[in-house]
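The structure appears below as structure tokens.
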Amino acid sequence: MFSRDALAERSASASRLTADHPRNAVTANLVSAAVVRPYNLPWRRKQGGRMAEKITPRATNYADWYQDVVKEAGLAENSDVRGCMVIKPHGYAIWEKMQRALDRMFKDTGHVNAYFPLFIPRHFLEKEAEHVEGFAKECAVVTHHRLIAGPDGKGLVPDPASKLEEELVIRPTSETIIWNTYRNWVQSYRDLPILLNQWCNVVRWEMRTRLFLRTAEFLWQEGHTAHATQQEAEEEARRMLEVYRTFAEEWMAMPVLTGPKSEGQRFPGAVYTLCIEALMQDKRALQAGTSHFLGQNFAKVFGVQFQDREGKLELAWATSWGVSTRLVGGVIMTHGDDQGLVLPPRLAPLHVVIVPIFKKPEERTAVLQAAEQLAAAIRNVPLREWLNYEPVVVKVDDRDQYQPGFKFTEWEVKGVPIRVELGPKDLEKNACVLARRDRPGKAGKEMGVPLTGAAARIAELLKEIQAGLFEKARQFRDANSYEVNSWDEFKAKIDEPGGFLWAHWDGTRETEDRIAAETKATIRCIPFERKNEAGKCILTGSPSEGRVVFARAY
RNA sequence: CGGGGCGUAGCGCAGUCUGGUCUAGCGCGCCUGCCUUGGGAGCAGGAAGUCACGAGUUCGAAUCUCGUCGCCCCGACCA
């Protein structure tokens with residue numbers, strides 16, 4: 001336990017670090033500007049300007065909108081540690097949902113979980129040349145193992161006597177330490193394949209950070225597999241990409257393109273990198289997951305050899321694949337609206353909130369009783385399989401200190417898929433009001449839903465919302481994808497309207513780099529789903545065998 | 001690492017130029033009570049700050065000087 005003083009000191013320093021946040025000042029300006037926007041939502045009028053809008057509209061400033069949603073929905077906040085976030089319960093609950101669904105899919109494809117150390121001896125990292133170059137610049141390094149009092153007797157400094165013989169690097173990814181271990185595990189083809197995954201944190205010393213999208217420390221899973229043949233490893237890389245695609249589309253309701261990365265975007269140390277790539281509402285791309293075929297690069301440098309059936313010594317073939325807490329950012333930016341977070345039901349930590357309404361004490365009793373009954377019925381709807389064998393989560397918001405209107409707004413900001421409004425007028429008719437989060441305001445309300453059928457209707461609605469969110473996102477993605485045929489058109493369209501630009505490219509690193517330098521657009525992927533179509537590179541005019549997808553990316 | 005900005009209550013800010021009126025205010029939030037509850041309620045009372053830190057100038061410093069620390073933004077870099 002912390003002492004009272006220690007806690008006071010902590011909170012004092014927390015305030016110091018956030019109070020001077022200039023972005024807040026900017027946001028405040030935008031927020032007050034937002035108050036004068038057209039009142040398309042009738043109930044806002046009642047506020048009389050007292051209660052400022054807390055969420056910047058997306059059209060005003062998308063980056064501020066994102067920050068506001070993360071904050072107001074209680075997903076995460078900046079910590080006192082530079083570049084690192086505190087993931088708050090609601091945000092972590094979403095990550096837990098993702099973990100559970102993915103973990104089941106990994107297990108279903110034959111993988112098991114394990115755990116490797118946070119610390120990696122420097123010389124491990126030095127072994128694979130490309131890998132070194134890719135990560136060297138962004139590593140946190142442990143140099144000492146003890147603190148002593150400072151020279152003036154105050155504070156603590158690393159004890160010079162405790163300097164480590166060899167520095168330890170905080171893992172930016174675990175290929176090296178895992179393949180160093182695999183060396184001892186693999187002697188025979190019978191030891192293969194190794195199909196292993198770990199859930200853990202990693203650190204990449206990013207200079208500029210954004211909550212969930214890019215932080216110095218983040219949570220992820222990294223799968224590391226070893227195989228006897230190239231074909232098997234390539235199949236594995238492809239299989240796990242398909243797992244990611246399925247998860248993104250069926251759980252996150254986020255449509256993705258799949259395909260290899262260009263050379264310039266490849267993972268350091270990989271032979272090739274496959275990715276899932278999504279389009280956010282501001283028409284910037286988000287790399288949402290990657291699956292790498294690593295060839296024999298790591299087996300070679302860590303000496304992972306085995307004897308095949310004929311007794312010949314062979315090097316093992318490797319894959320690695322990962323998704324991170326960045327996906328939470330992807331959900332926010334795929335589905336969120338100006339009211340706040342919108343969660344796809346299959347990832348929602350809370351599916352249904354029941355807001356009781358009453359005036360007199362006897363009304364309170366009757367309403368709360370009916371609310372609990374309804375909650376129990378909802379908990380029994382047959383959605384367990386669809387929800388990864390987890391229950392439908394229902395909450396009766398019986399807090400006395402807040403009025404219904406406040407609760408409506410609060411649960412909307414937090415993205416709860418369905419709200420039930422239940423008051424005396426409803427009870428007279430044995431009915432309730434259902435409000436779906438994916439259609440805010442009056443448009444999403446179903447009045448007079450009979451209490452006896454409400455649970456069944458809610459089960460339907462949850463599935464409808466999940467499907468609807470995906471469909472809406474897919475339409476958005478398709479509506480913001482363009483085939484572009486000239487350099488001038490490319491330069492114009494990447495600025496306005498933006499989005500996924502399908503264009504011919506001559507396949508060279510030089511051209512890719514030039515395009516990036518001039519437009520900040522990168523090749524997001526070379527989609528599997530592209531058609532065979534000969535053409536000419538938009539920049540150089542050299543022959544191209546098919547279009548690749550360009551976008552500005554997170 | 002270069003350029004800019006900012007550190008005053010839990011959060012957002014005013015006060016700093018031009019030292020005394022600051023025994024440091026305001027809004028939101030928080031606590032108590034009353035009242036309210038179908039789209040972010042209202043009234044009354046209250047708690048809460050070593051004005052980032054250190055040294056100096058001065059009769060007197062949130063305010064002036066010097067130093068230190070921290071954070072944010074832009075750029076380079078990147079999941």
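Residue names in the structure tokens use chain letters A, B, ... in the order shown, residue numbers from 1 in each chain, and ligand numbers from 1 in the order shown.
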
Leaving out G67 (chain B) and any residue of its chain fewer than 3 positions from it, which residues lie within 12 Å of it when counting only C-alpha atoms (C1' of nucleotides), given as a PDB file with C-alpha atoms (C1' of nucleotides), in the first residue's frame?
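Final file, result_26.pdb:
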```
ATOM      1  C1'   C B  53      11.904  23.137  -8.120  1.00  0.00           C
ATOM      2  C1'   G B  54      16.347  25.881  -6.320  1.00  0.00           C
ATOM      3  C1'   A B  55      19.045  30.297  -5.564  1.00  0.00           C
ATOM      4  C1'   G B  56      18.867  35.539  -5.773  1.00  0.00           C
TER       5        G B  56
END
```

Write out as a PDB file with N, CA and C atoms (P, O5', C5', C4', C3', O3' and C1' of nucleotides), in the first residue's frame every residue belonging to chain B that has an atom at most 9 Å from any atom of chain A, counting only C-alpha atoms (C1' of nucleotides).
```pdb
ATOM      1  P     G B   5       8.273  30.592 -27.842  1.00  0.00           P
ATOM      2  O5'   G B   5       7.126  29.752 -27.134  1.00  0.00           O
ATOM      3  C5'   G B   5       5.761  29.962 -27.491  1.00  0.00           C
ATOM      4  C4'   G B   5       4.902  28.882 -26.907  1.00  0.00           C
ATOM      5  C3'   G B   5       4.795  28.862 -25.395  1.00  0.00           C
ATOM      6  O3'   G B   5       3.895  29.834 -24.909  1.00  0.00           O
ATOM      7  C1'   G B   5       5.126  26.660 -26.188  1.00  0.00           C
ATOM      8  P     C B   6       4.131  30.479 -23.462  1.00  0.00           P
ATOM      9  O5'   C B   6       3.690  29.282 -22.505  1.00  0.00           O
ATOM     10  C5'   C B   6       2.373  28.775 -22.557  1.00  0.00           C
ATOM     11  C4'   C B   6       2.287  27.502 -21.767  1.00  0.00           C
ATOM     12  C3'   C B   6       2.637  27.617 -20.293  1.00  0.00           C
ATOM     13  O3'   C B   6       1.561  28.163 -19.547  1.00  0.00           O
ATOM     14  C1'   C B   6       3.662  25.693 -21.194  1.00  0.00           C
ATOM     15  P     G B   7       1.746  28.632 -18.065  1.00  0.00           P
ATOM     16  O5'   G B   7       1.623  27.207 -17.388  1.00  0.00           O
ATOM     17  C5'   G B   7       2.194  26.968 -16.180  1.00  0.00           C
ATOM     18  C4'   G B   7       2.087  25.510 -15.826  1.00  0.00           C
ATOM     19  C3'   G B   7       2.320  25.292 -14.344  1.00  0.00           C
ATOM     20  O3'   G B   7       1.723  24.103 -13.892  1.00  0.00           O
ATOM     21  C1'   G B   7       4.176  24.473 -15.597  1.00  0.00           C
ATOM     22  P     G B  10      -5.279  19.045  -6.915  1.00  0.00           P
ATOM     23  O5'   G B  10      -6.192  17.815  -7.391  1.00  0.00           O
ATOM     24  C5'   G B  10      -5.638  16.677  -7.979  1.00  0.00           C
ATOM     25  C4'   G B  10      -6.603  16.106  -8.978  1.00  0.00           C
ATOM     26  C3'   G B  10      -6.717  16.910 -10.272  1.00  0.00           C
ATOM     27  O3'   G B  10      -5.751  16.484 -11.209  1.00  0.00           O
ATOM     28  C1'   G B  10      -8.880  16.535  -9.391  1.00  0.00           C
ATOM     29  P     C B  11      -5.087  17.515 -12.198  1.00  0.00           P
ATOM     30  O5'   C B  11      -6.292  17.815 -13.191  1.00  0.00           O
ATOM     31  C5'   C B  11      -6.685  16.856 -14.170  1.00  0.00           C
ATOM     32  C4'   C B  11      -7.781  17.439 -15.023  1.00  0.00           C
ATOM     33  C3'   C B  11      -7.470  18.791 -15.651  1.00  0.00           C
ATOM     34  O3'   C B  11      -6.686  18.673 -16.825  1.00  0.00           O
ATOM     35  C1'   C B  11      -9.595  18.884 -14.652  1.00  0.00           C
ATOM     36  P     G B  12      -5.715  19.878 -17.215  1.00  0.00           P
ATOM     37  O5'   G B  12      -6.749  20.991 -17.685  1.00  0.00           O
ATOM     38  C5'   G B  12      -7.581  20.766 -18.819  1.00  0.00           C
ATOM     39  C4'   G B  12      -8.473  21.948 -19.036  1.00  0.00           C
ATOM     40  C3'   G B  12      -7.754  23.297 -19.078  1.00  0.00           C
ATOM     41  O3'   G B  12      -7.164  23.521 -20.340  1.00  0.00           O
ATOM     42  C1'   G B  12      -9.664  23.461 -17.703  1.00  0.00           C
ATOM     43  P     C B  13      -5.962  24.540 -20.453  1.00  0.00           P
ATOM     44  O5'   C B  13      -6.695  25.861 -19.954  1.00  0.00           O
ATOM     45  C5'   C B  13      -6.011  27.001 -19.536  1.00  0.00           C
ATOM     46  C4'   C B  13      -7.038  27.973 -19.028  1.00  0.00           C
ATOM     47  C3'   C B  13      -6.465  29.264 -18.472  1.00  0.00           C
ATOM     48  O3'   C B  13      -6.218  30.194 -19.517  1.00  0.00           O
ATOM     49  C1'   C B  13      -8.057  28.402 -16.960  1.00  0.00           C
ATOM     50  P     C B  28     -19.990  25.722 -12.910  1.00  0.00           P
ATOM     51  O5'   C B  28     -19.251  24.377 -13.338  1.00  0.00           O
ATOM     52  C5'   C B  28     -19.529  23.765 -14.592  1.00  0.00           C
ATOM     53  C4'   C B  28     -18.560  22.639 -14.852  1.00  0.00           C
ATOM     54  C3'   C B  28     -18.591  21.494 -13.840  1.00  0.00           C
ATOM     55  O3'   C B  28     -19.641  20.587 -14.080  1.00  0.00           O
ATOM     56  C1'   C B  28     -16.353  22.107 -14.264  1.00  0.00           C
ATOM     57  P     U B  36     -39.401  17.619  -5.713  1.00  0.00           P
ATOM     58  O5'   U B  36     -38.399  17.760  -6.921  1.00  0.00           O
ATOM     59  C5'   U B  36     -38.802  17.423  -8.231  1.00  0.00           C
ATOM     60  C4'   U B  36     -37.603  17.423  -9.126  1.00  0.00           C
ATOM     61  C3'   U B  36     -37.505  16.186 -10.001  1.00  0.00           C
ATOM     62  O3'   U B  36     -38.315  16.330 -11.146  1.00  0.00           O
ATOM     63  C1'   U B  36     -35.410  16.601  -9.013  1.00  0.00           C
ATOM     64  P     U B  37     -39.198  15.131 -11.617  1.00  0.00           P
ATOM     65  O5'   U B  37     -38.159  14.247 -12.439  1.00  0.00           O
ATOM     66  C5'   U B  37     -37.296  14.869 -13.386  1.00  0.00           C
ATOM     67  C4'   U B  37     -36.171  13.921 -13.730  1.00  0.00           C
ATOM     68  C3'   U B  37     -36.654  12.649 -14.424  1.00  0.00           C
ATOM     69  O3'   U B  37     -35.728  12.262 -15.424  1.00  0.00           O
ATOM     70  C1'   U B  37     -35.456  12.104 -12.481  1.00  0.00           C
ATOM     71  P     G B  38     -35.623  13.066 -16.774  1.00  0.00           P
ATOM     72  O5'   G B  38     -35.380  11.905 -17.825  1.00  0.00           O
ATOM     73  C5'   G B  38     -36.376  10.906 -17.996  1.00  0.00           C
ATOM     74  C4'   G B  38     -36.658  10.756 -19.468  1.00  0.00           C
ATOM     75  C3'   G B  38     -37.400  11.944 -20.075  1.00  0.00           C
ATOM     76  O3'   G B  38     -36.982  12.078 -21.418  1.00  0.00           O
ATOM     77  C1'   G B  38     -38.737  10.001 -20.208  1.00  0.00           C
ATOM     78  P     G B  39     -36.041  13.294 -21.787  1.00  0.00           P
ATOM     79  O5'   G B  39     -34.603  12.610 -21.541  1.00  0.00           O
ATOM     80  C5'   G B  39     -33.722  13.157 -20.546  1.00  0.00           C
ATOM     81  C4'   G B  39     -32.480  13.705 -21.219  1.00  0.00           C
ATOM     82  C3'   G B  39     -32.692  14.937 -22.095  1.00  0.00           C
ATOM     83  O3'   G B  39     -31.532  15.756 -22.053  1.00  0.00           O
ATOM     84  C1'   G B  39     -31.847  13.192 -23.399  1.00  0.00           C
ATOM     85  P     G B  40     -31.274  16.561 -20.636  1.00  0.00           P
ATOM     86  O5'   G B  40     -30.219  15.572 -19.991  1.00  0.00           O
ATOM     87  C5'   G B  40     -28.966  15.412 -20.601  1.00  0.00           C
ATOM     88  C4'   G B  40     -27.946  15.146 -19.532  1.00  0.00           C
ATOM     89  C3'   G B  40     -27.644  16.354 -18.638  1.00  0.00           C
ATOM     90  O3'   G B  40     -27.298  15.817 -17.377  1.00  0.00           O
ATOM     91  C1'   G B  40     -25.684  15.680 -19.742  1.00  0.00           C
ATOM     92  P     A B  41     -28.144  16.398 -16.157  1.00  0.00           P
ATOM     93  O5'   A B  41     -28.102  17.959 -16.417  1.00  0.00           O
ATOM     94  C5'   A B  41     -27.993  18.864 -15.348  1.00  0.00           C
ATOM     95  C4'   A B  41     -29.299  19.581 -15.140  1.00  0.00           C
ATOM     96  C3'   A B  41     -29.233  20.632 -14.046  1.00  0.00           C
ATOM     97  O3'   A B  41     -28.693  21.837 -14.553  1.00  0.00           O
ATOM     98  C1'   A B  41     -31.148  19.300 -13.741  1.00  0.00           C
ATOM     99  P     A B  52       4.550  27.455 -10.184  1.00  0.00           P
ATOM    100  O5'   A B  52       5.171  26.002  -9.944  1.00  0.00           O
ATOM    101  C5'   A B  52       4.367  24.871  -9.701  1.00  0.00           C
ATOM    102  C4'   A B  52       5.282  23.682  -9.637  1.00  0.00           C
ATOM    103  C3'   A B  52       6.575  23.940  -8.861  1.00  0.00           C
ATOM    104  O3'   A B  52       6.390  23.677  -7.480  1.00  0.00           O
ATOM    105  C1'   A B  52       7.091  23.009 -10.977  1.00  0.00           C
ATOM    106  P     G B  70      14.084  16.163 -16.855  1.00  0.00           P
ATOM    107  O5'   G B  70      12.507  16.350 -16.860  1.00  0.00           O
ATOM    108  C5'   G B  70      11.703  15.670 -15.910  1.00  0.00           C
ATOM    109  C4'   G B  70      10.313  16.210 -15.944  1.00  0.00           C
ATOM    110  C3'   G B  70       9.637  16.158 -17.302  1.00  0.00           C
ATOM    111  O3'   G B  70       9.152  14.868 -17.591  1.00  0.00           O
ATOM    112  C1'   G B  70       9.262  18.269 -16.314  1.00  0.00           C
ATOM    113  P     C B  71       9.111  14.354 -19.108  1.00  0.00           P
ATOM    114  O5'   C B  71       7.805  15.067 -19.668  1.00  0.00           O
ATOM    115  C5'   C B  71       6.543  14.783 -19.085  1.00  0.00           C
ATOM    116  C4'   C B  71       5.548  15.824 -19.499  1.00  0.00           C
ATOM    117  C3'   C B  71       5.337  15.973 -21.003  1.00  0.00           C
ATOM    118  O3'   C B  71       4.467  14.981 -21.503  1.00  0.00           O
ATOM    119  C1'   C B  71       5.581  18.106 -20.043  1.00  0.00           C
ATOM    120  P     C B  72       4.632  14.460 -23.000  1.00  0.00           P
ATOM    121  O5'   C B  72       3.932  15.637 -23.814  1.00  0.00           O
ATOM    122  C5'   C B  72       2.547  15.882 -23.664  1.00  0.00           C
ATOM    123  C4'   C B  72       2.191  17.182 -24.328  1.00  0.00           C
ATOM    124  C3'   C B  72       2.525  17.274 -25.807  1.00  0.00           C
ATOM    125  O3'   C B  72       1.533  16.653 -26.600  1.00  0.00           O
ATOM    126  C1'   C B  72       3.256  19.230 -24.726  1.00  0.00           C
ATOM    127  P     C B  73       1.960  16.003 -28.001  1.00  0.00           P
ATOM    128  O5'   C B  73       2.110  17.292 -28.923  1.00  0.00           O
ATOM    129  C5'   C B  73       0.983  18.114 -29.221  1.00  0.00           C
ATOM    130  C4'   C B  73       1.425  19.331 -29.984  1.00  0.00           C
ATOM    131  C3'   C B  73       2.244  19.058 -31.233  1.00  0.00           C
ATOM    132  O3'   C B  73       1.422  18.728 -32.340  1.00  0.00           O
ATOM    133  C1'   C B  73       3.300  20.741 -29.977  1.00  0.00           C
ATOM    134  P     C B  77      12.327  10.805 -41.995  1.00  0.00           P
ATOM    135  O5'   C B  77      12.377   9.849 -40.730  1.00  0.00           O
ATOM    136  C5'   C B  77      13.594   9.214 -40.330  1.00  0.00           C
ATOM    137  C4'   C B  77      13.326   8.367 -39.111  1.00  0.00           C
ATOM    138  C3'   C B  77      12.215   7.335 -39.294  1.00  0.00           C
ATOM    139  O3'   C B  77      12.699   6.145 -39.895  1.00  0.00           O
ATOM    140  C1'   C B  77      11.853   8.529 -37.286  1.00  0.00           C
ATOM    141  P     C B  78      11.633   5.196 -40.668  1.00  0.00           P
ATOM    142  O5'   C B  78      10.734   4.743 -39.451  1.00  0.00           O
ATOM    143  C5'   C B  78      10.739   3.410 -38.990  1.00  0.00           C
ATOM    144  C4'   C B  78       9.827   3.287 -37.807  1.00  0.00           C
ATOM    145  C3'   C B  78       8.434   2.749 -38.124  1.00  0.00           C
ATOM    146  O3'   C B  78       8.445   1.333 -38.144  1.00  0.00           O
ATOM    147  C1'   C B  78       8.228   4.678 -36.773  1.00  0.00           C
ATOM    148  P     A B  79       7.515   0.520 -39.220  1.00  0.00           P
ATOM    149  O5'   A B  79       6.217   0.231 -38.358  1.00  0.00           O
ATOM    150  C5'   A B  79       5.930  -1.034 -37.903  1.00  0.00           C
ATOM    151  C4'   A B  79       4.427  -1.050 -37.709  1.00  0.00           C
ATOM    152  C3'   A B  79       3.838   0.363 -37.737  1.00  0.00           C
ATOM    153  O3'   A B  79       2.874   0.485 -38.777  1.00  0.00           O
ATOM    154  C1'   A B  79       3.311  -0.780 -35.692  1.00  0.00           C
TER     155        A B  79
END
```

Write down as a ChimeraX atom specification the residues of region 271-468 of chain A whose backbone DSSP state falls under strand (DSSP E or B). /A:272-279,285-295,305-307,313-315,317-324,337,340,352-356,394-396,418-422,431-436,445-450

For the residues selected in the previous step, produce a file with C-alpha atoms as a PDB file, in the first residue's frame.
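Dumped everything to selection-v2.pdb:
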```pdb
ATOM      1  CA  TYR A 272       8.189 -11.363 -46.810  1.00  0.00           C
ATOM      2  CA  THR A 273       5.498  -9.827 -44.663  1.00  0.00           C
ATOM      3  CA  LEU A 274       1.768 -10.347 -45.077  1.00  0.00           C
ATOM      4  CA  CYS A 275      -0.627  -7.856 -43.573  1.00  0.00           C
ATOM      5  CA  ILE A 276      -4.198  -6.922 -42.906  1.00  0.00           C
ATOM      6  CA  GLU A 277      -4.817  -3.313 -43.714  1.00  0.00           C
ATOM      7  CA  ALA A 278      -7.888  -1.281 -42.784  1.00  0.00           C
ATOM      8  CA  LEU A 279      -9.156   2.160 -43.730  1.00  0.00           C
ATOM      9  CA  ALA A 285      -4.758   3.375 -43.443  1.00  0.00           C
ATOM     10  CA  LEU A 286      -4.101   1.321 -40.350  1.00  0.00           C
ATOM     11  CA  GLN A 287      -1.824  -1.696 -40.422  1.00  0.00           C
ATOM     12  CA  ALA A 288      -3.853  -3.934 -38.170  1.00  0.00           C
ATOM     13  CA  GLY A 289      -1.820  -7.127 -38.134  1.00  0.00           C
ATOM     14  CA  THR A 290       1.181  -8.760 -39.752  1.00  0.00           C
ATOM     15  CA  SER A 291       2.284 -12.310 -40.442  1.00  0.00           C
ATOM     16  CA  HIS A 292       5.863 -12.904 -41.539  1.00  0.00           C
ATOM     17  CA  PHE A 293       7.554 -15.683 -43.434  1.00  0.00           C
ATOM     18  CA  LEU A 294      11.051 -15.509 -41.992  1.00  0.00           C
ATOM     19  CA  GLY A 295      12.678 -18.143 -44.164  1.00  0.00           C
ATOM     20  CA  GLN A 305      19.168 -27.413 -37.156  1.00  0.00           C
ATOM     21  CA  PHE A 306      17.501 -30.788 -37.305  1.00  0.00           C
ATOM     22  CA  GLN A 307      17.994 -34.130 -38.926  1.00  0.00           C
ATOM     23  CA  LEU A 313      21.014 -31.757 -41.337  1.00  0.00           C
ATOM     24  CA  GLU A 314      18.555 -28.997 -42.251  1.00  0.00           C
ATOM     25  CA  LEU A 315      17.775 -25.502 -41.009  1.00  0.00           C
ATOM     26  CA  TRP A 317      11.842 -22.542 -41.341  1.00  0.00           C
ATOM     27  CA  ALA A 318      10.240 -19.743 -39.365  1.00  0.00           C
ATOM     28  CA  THR A 319       7.152 -17.587 -39.147  1.00  0.00           C
ATOM     29  CA  SER A 320       6.084 -14.890 -36.734  1.00  0.00           C
ATOM     30  CA  TRP A 321       2.813 -13.013 -36.500  1.00  0.00           C
ATOM     31  CA  GLY A 322       1.305 -10.401 -34.234  1.00  0.00           C
ATOM     32  CA  VAL A 323      -1.501  -8.049 -33.409  1.00  0.00           C
ATOM     33  CA  SER A 324      -1.448  -5.450 -30.674  1.00  0.00           C
ATOM     34  CA  ASP A 337     -19.211   8.683 -34.150  1.00  0.00           C
ATOM     35  CA  GLY A 340     -18.357   8.762 -28.857  1.00  0.00           C
ATOM     36  CA  VAL A 352     -26.984  -3.973 -22.684  1.00  0.00           C
ATOM     37  CA  VAL A 353     -27.561  -1.276 -20.114  1.00  0.00           C
ATOM     38  CA  ILE A 354     -30.989  -0.820 -18.586  1.00  0.00           C
ATOM     39  CA  VAL A 355     -31.739   2.709 -17.424  1.00  0.00           C
ATOM     40  CA  PRO A 356     -34.635   2.804 -14.962  1.00  0.00           C
ATOM     41  CA  VAL A 394     -26.289  -6.677 -18.834  1.00  0.00           C
ATOM     42  CA  LYS A 395     -26.207  -3.901 -16.292  1.00  0.00           C
ATOM     43  CA  VAL A 396     -29.071  -2.179 -14.526  1.00  0.00           C
ATOM     44  CA  ILE A 418     -28.050  -1.442 -26.678  1.00  0.00           C
ATOM     45  CA  ARG A 419     -29.776   0.670 -24.056  1.00  0.00           C
ATOM     46  CA  VAL A 420     -33.117  -0.210 -22.544  1.00  0.00           C
ATOM     47  CA  GLU A 421     -35.226   2.616 -21.138  1.00  0.00           C
ATOM     48  CA  LEU A 422     -37.751   1.463 -18.606  1.00  0.00           C
ATOM     49  CA  ALA A 431     -43.248  -2.661 -22.543  1.00  0.00           C
ATOM     50  CA  CYS A 432     -39.880  -0.934 -22.770  1.00  0.00           C
ATOM     51  CA  VAL A 433     -37.880   1.256 -25.131  1.00  0.00           C
ATOM     52  CA  LEU A 434     -34.835  -0.120 -26.939  1.00  0.00           C
ATOM     53  CA  ALA A 435     -32.156   2.240 -28.242  1.00  0.00           C
ATOM     54  CA  ARG A 436     -29.401   0.947 -30.505  1.00  0.00           C
ATOM     55  CA  LYS A 445     -35.208   3.883 -30.730  1.00  0.00           C
ATOM     56  CA  GLU A 446     -37.857   1.197 -30.767  1.00  0.00           C
ATOM     57  CA  MET A 447     -40.784   2.232 -28.590  1.00  0.00           C
ATOM     58  CA  GLY A 448     -43.306  -0.064 -26.949  1.00  0.00           C
ATOM     59  CA  VAL A 449     -41.316  -3.284 -27.220  1.00  0.00           C
ATOM     60  CA  PRO A 450     -43.248  -5.869 -25.136  1.00  0.00           C
TER      61      PRO A 450
END
```

The distance between CA of Phe528 (chain A) and CA of Ile194 (chain A) is 27.2 Å

So how many Å separate C1' of A76 (chain B) and CA of Gly83 (chain A), to one decimal? 17.7 Å

Separation of CA of Phe212 (chain A) from CA of Met85 (chain A), in Å and rounded to one decimal: 7.9 Å
